[in-house]
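Only one structure is covered here, and it is reproduced in the block below.
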Amino acid sequence: MYKVVEFDGNAAAMQKFCNDQAAEGYLFVQAVYMTTYKWRLFFNLATDGN
């Protein structure tokens, strides 16, 4: 199961956000650049096995 998040912030904030997601069991998959400081982040549920 994937989780997609629209993220608006700098690199340090994104790193913290990804770490927080990992703590909740979501593994970072991909970041897609949209506009300056705006990203679409994809996470995969760690227990999903996909």
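Please note that chains go A, B, ... in the order of the structure tokens, that every chain numbers its residues from 1, and that ligands are numbered from 1 in the order shown.
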Would you kindly return, as a ChimeraX atom specification, each protein, DNA or RNA residue with an atom no farther than 10 Å from any atom of region 1-5 of chain A, considering only C-alpha atoms and excluding same-chain residues fewer than 4 positions away? /A:26-31,39-50
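DSSP, applied to the backbone of this structure, assigns strand (DSSP E) to the following residues of chain A: A:Tyr2, A:Lys3, A:Val4, A:Val5, A:Glu6, A:Phe7, A:Asp8, A:Tyr26, A:Leu27, A:Phe28, A:Val29, A:Gln30, A:Ala31, A:Val32, A:Tyr33, A:Met34, A:Thr35, A:Lys38, A:Trp39, A:Arg40, A:Leu41, A:Phe42, A:Phe43, A:Asn44, A:Leu45.
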Filtered DSSP result for region 3-47 of chain A, state alpha helix (DSSP H), as a PyMOL selection string: chain A and resi 11-23
If you keep C-alpha atoms, can you produce a file of those selected residues as a PDB file, in the first residue's frame?
```pdb
ATOM      1  CA  ALA A  11      15.408  19.789   2.564  1.00  0.00           C
ATOM      2  CA  ALA A  12      15.874  19.702   6.349  1.00  0.00           C
ATOM      3  CA  ALA A  13      12.114  19.706   6.910  1.00  0.00           C
ATOM      4  CA  MET A  14      11.690  16.959   4.307  1.00  0.00           C
ATOM      5  CA  GLN A  15      14.351  14.813   5.998  1.00  0.00           C
ATOM      6  CA  LYS A  16      12.599  15.165   9.351  1.00  0.00           C
ATOM      7  CA  PHE A  17       9.240  14.381   7.751  1.00  0.00           C
ATOM      8  CA  CYS A  18      10.638  11.226   6.103  1.00  0.00           C
ATOM      9  CA  ASN A  19      12.166  10.123   9.410  1.00  0.00           C
ATOM     10  CA  ASP A  20       8.827  10.671  11.153  1.00  0.00           C
ATOM     11  CA  GLN A  21       7.085   8.609   8.474  1.00  0.00           C
ATOM     12  CA  ALA A  22       9.657   5.817   8.896  1.00  0.00           C
ATOM     13  CA  ALA A  23       8.896   5.777  12.624  1.00  0.00           C
TER      14      ALA A  23
END
```
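Residues surrounding Lys38 (chain A) within 8 Å are A:Glu6, A:Phe7, A:Asp8, A:Gly9, A:Tyr33, A:Met34, A:Thr35 [only C-alpha atoms; sequence separation below 3 positions excluded].
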